[in-house]
Structure formats: structure tokens, C-alpha cells
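Working notes, beginning with the structure itself.
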Amino acid sequence: MPTGKNPFPSGGITRLDMLPPQIVPLTSQAGALARLESAITSIVRHRTVREVDEHGEEVHVGKPELFMLRADYGAGKSLVLSSLRLDCEKGLKLEEKPPRKAVGICIYQPLHALIDSPAKLLDILLQKLVEQAPRELKEKIAAARRKYESEVTSGDEIVKKILVWRYCANVAVTNGVDFVAVLLDEIEETVSEYQSRRQEYLETLSVVRNFVDRQVGPIVVVLGITPKAIDELVGELKAALQRRTVTIDLPKMTSVEELLSLARGYDPDVSNYFDLKAIETIFHQTDGNPGYALAALHWAWEEMSRASMKLSRTMRYNGLVGREQDHHPQLSVQGTSNRYTEMAGKF
């Protein structure tokens with residue numbers, strides 16, 4: 001019988017304020033995080049040179065990169081992005097003599113919040129560039145924004161905002177910032193509306209494509225996206241997004257042992273109340289999806305705690321998971337605490 005506080009997060013990570021106290025990454029998630037951090041430090045080592053851009057403005061030209069973090073819902077995209085942001089804020093270590101930590105500005109933005117007005121993405125990125133900058137640079141970047149918003153001219157409002165962002169980021173780099181990371185989470189909360197809101201969806205990713213194409217400095221853009229979202233793109237936009245793109249895939253879990261290891265990472269004593277048959281059932285019912293498996297573990301723990309029982313029969317767990325999937329086929333992580341309470345009453 002489980003005791004104490006539920007050790008399992010209620011599913012995947014969809015917002016930074018949903019980060020559980022403890023994060024146990026899978027090997028694939030840890031590998032993706034290490035690869036992204038290595039890319040950022042490589043960009044810093046590449047350094048920049050000062051050049052005059054196509055608009056006559058002197059800028060730091062570096063090695064901008066776009067990464068597409070591709071995975072199904074629940075596979076850990078937001079977890080990786082959240083972990084990357086936390087590590088950037090702590091300072092990525094640079095192998096220099098003497099060793100030092102990179103100074104970065106890391107911006108996290110869920111795209112689903114902007115589907116009603118895709119152009120707002122650039123206003124938000126400008127605002128966050130100021131907010132996330134080191135304290136001593138906030139006013140300099142804010143002043144640069146005011147300056148360039150009045151000086152930059154372009155017949156395209158989107159292009160103008162991108163150029164203003166570019167020059168504000170350049171002010172940060174000029175004043176000691178090593179890199180700027182822009183972490184864009186895919187449109188998670190509108191998965192059921194891919195077809196009905198396809199135009200807004202395409203417009204949002206078109207803004208992202210324009211933004212990425214016009215970066216010149218030490219800028220890293222990471223786009224967390226599902227394979228389904230890629231499939232929805234067509235023609236020129238799909239080709240443009242994939243141009244210069246490094247794709248990192250996050251696979252599902254491939255074995256019961258991997259799920260058991262993940263569960264033990266959250267609670268070393270998990271075998272005291274989940275036997276192997278129950279773990280096997282969770283693995284197969286969730287098709288190896290780590291976010292859904294964690295949601296199932298969390299919910300089953302709550303049910304067992306209420307019923308003062310040990311979950312040891314596959315048939316028993318089949319019933320629990322079956323009812324969870326009847327109500328929430330994807331074991332969605334949103335509104336979990338209320339949902340578990342409601343399900344407990346129906347169980």
C-alpha cells in the first residue's frame with residue numbers, strides 16, 4: 001500500500017509552472033538535452049564577427065541554429081525545453097581557460113497561447129528579451145527597442161518586428177551576452193483543432209519560419225513539435241521550416257524495464273506496491289508513452305492510497321486504466337487533480 005505523498009508527477013510537463021519537485025529524465029530525454037546544450041556552447045565558442053547587415057546596421061554575425069524537437073504528445077518535449085531553460089539560467093559551462101559559465105538569455109514561449117493572433121509572438125519575444133536579460137542590460141535593450149521601433153522601416157509589419165528584435169538582441173550580445181535561446185513549444189492545447197483552425201496554425205508557424213530565417217547572431221531557436229504537426233504543413237512552408245533545421249527525435253519507451261527504471265527514479269520503493277504485472281499493463285496500455293505512463297502511475301497511486309490497497313493484479317489495473325482511457329483517451333495531463341477526484345467517485 002502506498003504511503004506519504006504521491007511521488008509521481010501527474011503526467012507530462014505542459015508549462016514551466018507545472019514542473020514537479022523532481023524530474024527523472026529518460027535516456028532519450030537526457031540525450032536530447034545534452035545535444036541542445038552542446039549546440040549552444042558550440043555557438044558560443046564559434047564567437048561572432050561584426051558586419052554591416054542588408055539594412056546598413058552593424059551587427060554581430062554568429063552561427064544561428066534551428067532545432068526541431070520532434071515527439072508525440074507526452075514523450076517529453078516540454079520537459080526537455082523546461083530543463084534546458086533551467087540549465088541556461090544557471091549558466092552552461094564553457095571549456096575555456098579559465099573555465100566560465102556562458103551568459104545567456106533564455107526565452108520560453110508556448111505557441112498555443114498565440115494561435116488567435118500569431119503576429120503577437122514577436123511582441124512577446126521582444127518583451128521577454130527585456131525581461132529575461134541580465135539586470136544591468138534591461139534598460140539598454142528597452143531603449144534600443146524604442147529607438148528601432150521608430151527608425152526601422154519595412155513594408156511588412158512582421159519583417160519590421162523581426163528586425164527590431166534582431167537589433168535588440170544585438171545590443172545584448174554587444175554588452176556581454178553570449179547567446180540568446182528561444183524555446184517555442186508547439187500548439188499542444190489545440191490538438192483537436194488542427195483541421196478547424198488550420199489557417200491560424202499555419203500562420204503561426206509561418207511567423208516562426210520568418211523569424212528563424214532572419215537571425216544572424218548567436219541565436220538558438222528550438223521548436224518543440226509533434227510529427228502530426230509536421231504532417232499538417234504543406235509545400236513551401238514545410239520546406240522553409242526544415243531548411244537549416246537539425247531534427248532531434250524523442251522516442252517512446254521501448255521496454256517494461258525502461259518504465260520500471262523511470263518509476264524507480266521517482267520512488268525506489270515502487271515495487272512494494274506495484275508488482276511487475278501492473279507495470280507491464282501500464283506500459284502496454286500507454287504504448288510506452290512516458291507522459292501517459294506517469295499519469296497512469298499517479299492516478300493508480302491515488303486510487304490505491306484511497307482504497308488502502310496494493311496494486312498487484314493485472315486484471316485490476318486493466319480496469320483502472322480502461323476507465324481512465326474511456327474518459328481521457330490520451331491520459332491528458334491537464335486538470336489532473338480535479339479529474340482524478342471525479343474519477344474516484346465514478347470508480
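Every chain in the C-alpha cells has a letter given in the order shown (A, B, ...), and although residue numbers restart at 1 in each chain, ligands are simply numbered from 1 in the order shown.
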
**OP:** Tell me which protein, DNA and RNA residues are within 10 Å of A:His55, counting only C-alpha atoms, leaving out same-chain ones fewer than 3 positions away, and put them as a count of residues only.
**Re:** 5

Original post:
Just asking: which residues within stretch 119-278 of chain A are alpha helix (DSSP H) according to DSSP, as a PyMOL selection string?
Top reply: chain A and resi 120-131+138-151+157-174+198-213+227-232+235-242+256-266+276-278

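If only C-alpha atoms are the atoms counted, then among A:Val216, A:Glu96, A:Pro7, A:Ala240 the closest residue to A:Asp269 is A:Pro7.
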
**OP:** Determine, counting only C-alpha atoms, which protein, DNA and RNA residues have an atom within 7 Å of an atom of A:Leu126; residues of the same chain fewer than 4 positions away are not included. Present the result as number ranges by chain.
**Re:** A: 122, 130, 165

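The spacing separating atom CA of A:Tyr73 from atom CA of A:Ile43 amounts to 29.4 Å.
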
**OP:** Point out the residue among A:Leu66, A:Ala293, A:Ala133, A:Pro9 with the least atom-to-atom distance to A:Glu89, counting only C-alpha atoms.
**Re:** A:Ala133

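Proximity to A:Lys161 was assessed for A:Arg135, A:Arg197, A:Lys77, A:Arg214 counting only C-alpha atoms; the smallest distance is recorded for A:Arg214.
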
Original post:
If you measure from atom CA of A:Trp301 to atom CA of A:Val80, what distance in Å do you get, rounded to one decimal?
Top reply: 25.1 Å

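The closest residue to A:Arg50, picked from A:Ser83, A:Gln132, A:Thr281, A:Asn170 and counting only C-alpha atoms, is A:Asn170.
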
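Proximity of A:Thr254, A:Ala229, A:Lys5, A:Gly104 to A:Gly176, computed with only C-alpha atoms, is greatest for A:Gly104.
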
Original post:
Between A:Asp267, A:Arg244, A:Thr204, A:Lys63, which one has atoms that come closest to A:Ala119, using only C-alpha atoms?
Top reply: A:Thr204

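Using only C-alpha atoms, the contacts of A:Val177 at a cut-off of 9 Å, with sequence neighbours closer than 5 positions omitted, comprise Ala102, Val103, Gly104, Ile105, Ala133, Pro134, Ala169, Val171 and Ala172 of chain A.
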
How about saving the chosen residues, N, CA and C atoms kept, as a CSV table (one decimal), in the first residue's frame?
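Just written: selection_36.csv:
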```csv
chain,number,residue,atom,x,y,z
A,102,ALA,N,28.5,30.4,-19.5
A,102,ALA,CA,28.0,31.3,-20.6
A,102,ALA,C,26.9,32.2,-20.0
A,103,VAL,N,26.9,33.4,-20.5
A,103,VAL,CA,25.9,34.3,-20.1
A,103,VAL,C,24.8,34.3,-21.2
A,104,GLY,N,23.6,33.8,-20.9
A,104,GLY,CA,22.6,33.7,-21.9
A,104,GLY,C,21.3,34.3,-21.5
A,105,ILE,N,20.5,34.6,-22.5
A,105,ILE,CA,19.1,35.0,-22.3
A,105,ILE,C,18.2,33.9,-22.9
A,133,ALA,N,16.7,39.5,-19.7
A,133,ALA,CA,18.1,40.0,-19.8
A,133,ALA,C,18.7,40.2,-18.4
A,134,PRO,N,20.0,40.1,-18.3
A,134,PRO,CA,20.7,40.5,-17.0
A,134,PRO,C,20.2,41.9,-16.6
A,169,ALA,N,18.5,42.1,-29.8
A,169,ALA,CA,19.4,41.0,-29.4
A,169,ALA,C,20.8,41.4,-29.6
A,171,VAL,N,22.2,44.3,-29.3
A,171,VAL,CA,22.6,45.1,-28.1
A,171,VAL,C,23.0,44.2,-26.9
A,172,ALA,N,22.2,43.2,-26.7
A,172,ALA,CA,22.6,42.2,-25.6
A,172,ALA,C,23.9,41.6,-25.9
```

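All residues of protein, DNA or RNA that reach within 10 Å of A:Thr247, judged by only C-alpha atoms and not counting those fewer than 3 positions away in the chain, are Leu66, Phe67, Met68, Leu69, Arg70, Val222, Leu223, Gln242, Arg244 and Leu250 of chain A.
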
Taking C-alpha atoms for each residue, export the selection above as a PDB file, in the first residue's frame.
```
ATOM      1  CA  LEU A  66      17.195  25.991 -35.512  1.00  0.00           C
ATOM      2  CA  PHE A  67      16.415  22.712 -33.795  1.00  0.00           C
ATOM      3  CA  MET A  68      13.171  20.839 -34.223  1.00  0.00           C
ATOM      4  CA  LEU A  69      12.475  18.731 -31.135  1.00  0.00           C
ATOM      5  CA  ARG A  70      10.006  16.222 -32.563  1.00  0.00           C
ATOM      6  CA  VAL A 222      14.231  25.251 -30.513  1.00  0.00           C
ATOM      7  CA  LEU A 223      10.779  24.320 -31.760  1.00  0.00           C
ATOM      8  CA  GLN A 242      13.024  22.204 -42.434  1.00  0.00           C
ATOM      9  CA  ARG A 244      18.845  24.540 -41.946  1.00  0.00           C
ATOM     10  CA  LEU A 250      12.271  11.775 -28.737  1.00  0.00           C
TER      11      LEU A 250
END
```

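When atom CA of A:Ser10 is paired with atom CA of A:Ala295, their separation reads 4.8 Å.
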
Subject >> Test item, strand (DSSP E or B) assignment across stretch 159-319 of chain A, answer as a ChimeraX atom specification >> reply: /A:179-185,219-225,245-249,274,311

Could you save the residues just selected, with N, CA and C atoms, as a PDB file, in the first residue's frame?
```pdb
ATOM      1  N   PHE A 179      24.745  34.271 -25.822  1.00  0.00           N
ATOM      2  CA  PHE A 179      23.775  33.666 -26.724  1.00  0.00           C
ATOM      3  C   PHE A 179      22.366  34.036 -26.279  1.00  0.00           C
ATOM      4  N   VAL A 180      21.428  33.895 -27.202  1.00  0.00           N
ATOM      5  CA  VAL A 180      20.009  34.026 -26.883  1.00  0.00           C
ATOM      6  C   VAL A 180      19.329  32.744 -27.358  1.00  0.00           C
ATOM      7  N   ALA A 181      18.617  32.076 -26.469  1.00  0.00           N
ATOM      8  CA  ALA A 181      17.885  30.855 -26.810  1.00  0.00           C
ATOM      9  C   ALA A 181      16.392  31.149 -26.776  1.00  0.00           C
ATOM     10  N   VAL A 182      15.707  30.803 -27.847  1.00  0.00           N
ATOM     11  CA  VAL A 182      14.263  30.991 -27.946  1.00  0.00           C
ATOM     12  C   VAL A 182      13.632  29.607 -28.021  1.00  0.00           C
ATOM     13  N   LEU A 183      12.904  29.239 -26.991  1.00  0.00           N
ATOM     14  CA  LEU A 183      12.310  27.900 -26.893  1.00  0.00           C
ATOM     15  C   LEU A 183      10.816  28.014 -27.156  1.00  0.00           C
ATOM     16  N   LEU A 184      10.377  27.455 -28.256  1.00  0.00           N
ATOM     17  CA  LEU A 184       8.982  27.566 -28.678  1.00  0.00           C
ATOM     18  C   LEU A 184       8.308  26.211 -28.559  1.00  0.00           C
ATOM     19  N   ASP A 185       7.313  26.141 -27.692  1.00  0.00           N
ATOM     20  CA  ASP A 185       6.582  24.891 -27.523  1.00  0.00           C
ATOM     21  C   ASP A 185       5.418  24.861 -28.502  1.00  0.00           C
ATOM     22  N   ILE A 219      22.084  32.988 -32.018  1.00  0.00           N
ATOM     23  CA  ILE A 219      20.696  32.743 -31.626  1.00  0.00           C
ATOM     24  C   ILE A 219      20.366  31.272 -31.844  1.00  0.00           C
ATOM     25  N   VAL A 220      19.807  30.639 -30.836  1.00  0.00           N
ATOM     26  CA  VAL A 220      19.343  29.255 -30.955  1.00  0.00           C
ATOM     27  C   VAL A 220      17.830  29.258 -30.802  1.00  0.00           C
ATOM     28  N   VAL A 221      17.143  28.715 -31.799  1.00  0.00           N
ATOM     29  CA  VAL A 221      15.696  28.551 -31.723  1.00  0.00           C
ATOM     30  C   VAL A 221      15.405  27.061 -31.653  1.00  0.00           C
ATOM     31  N   VAL A 222      14.637  26.650 -30.646  1.00  0.00           N
ATOM     32  CA  VAL A 222      14.231  25.251 -30.513  1.00  0.00           C
ATOM     33  C   VAL A 222      12.714  25.201 -30.597  1.00  0.00           C
ATOM     34  N   LEU A 223      12.218  24.459 -31.568  1.00  0.00           N
ATOM     35  CA  LEU A 223      10.779  24.320 -31.760  1.00  0.00           C
ATOM     36  C   LEU A 223      10.356  22.920 -31.362  1.00  0.00           C
ATOM     37  N   GLY A 224       9.590  22.814 -30.277  1.00  0.00           N
ATOM     38  CA  GLY A 224       9.023  21.539 -29.868  1.00  0.00           C
ATOM     39  C   GLY A 224       7.757  21.282 -30.667  1.00  0.00           C
ATOM     40  N   ILE A 225       7.704  20.158 -31.366  1.00  0.00           N
ATOM     41  CA  ILE A 225       6.594  19.949 -32.299  1.00  0.00           C
ATOM     42  C   ILE A 225       6.298  18.463 -32.434  1.00  0.00           C
ATOM     43  N   THR A 245      17.494  23.037 -40.597  1.00  0.00           N
ATOM     44  CA  THR A 245      16.951  22.536 -39.335  1.00  0.00           C
ATOM     45  C   THR A 245      17.645  21.254 -38.919  1.00  0.00           C
ATOM     46  N   VAL A 246      18.007  21.172 -37.652  1.00  0.00           N
ATOM     47  CA  VAL A 246      18.502  19.929 -37.071  1.00  0.00           C
ATOM     48  C   VAL A 246      17.343  19.300 -36.305  1.00  0.00           C
ATOM     49  N   THR A 247      16.960  18.100 -36.690  1.00  0.00           N
ATOM     50  CA  THR A 247      15.829  17.435 -36.052  1.00  0.00           C
ATOM     51  C   THR A 247      16.307  16.462 -34.980  1.00  0.00           C
ATOM     52  N   ILE A 248      15.722  16.585 -33.804  1.00  0.00           N
ATOM     53  CA  ILE A 248      16.006  15.664 -32.700  1.00  0.00           C
ATOM     54  C   ILE A 248      14.709  14.951 -32.364  1.00  0.00           C
ATOM     55  N   ASP A 249      14.704  13.630 -32.456  1.00  0.00           N
ATOM     56  CA  ASP A 249      13.510  12.843 -32.154  1.00  0.00           C
ATOM     57  C   ASP A 249      13.563  12.319 -30.725  1.00  0.00           C
ATOM     58  N   PHE A 274       3.572  -1.717  -6.488  1.00  0.00           N
ATOM     59  CA  PHE A 274       3.276  -2.076  -7.877  1.00  0.00           C
ATOM     60  C   PHE A 274       4.056  -3.341  -8.193  1.00  0.00           C
ATOM     61  N   LEU A 311      -1.578  -2.636  -5.577  1.00  0.00           N
ATOM     62  CA  LEU A 311      -1.968  -2.959  -6.936  1.00  0.00           C
ATOM     63  C   LEU A 311      -1.101  -4.103  -7.431  1.00  0.00           C
TER      64      LEU A 311
END
```
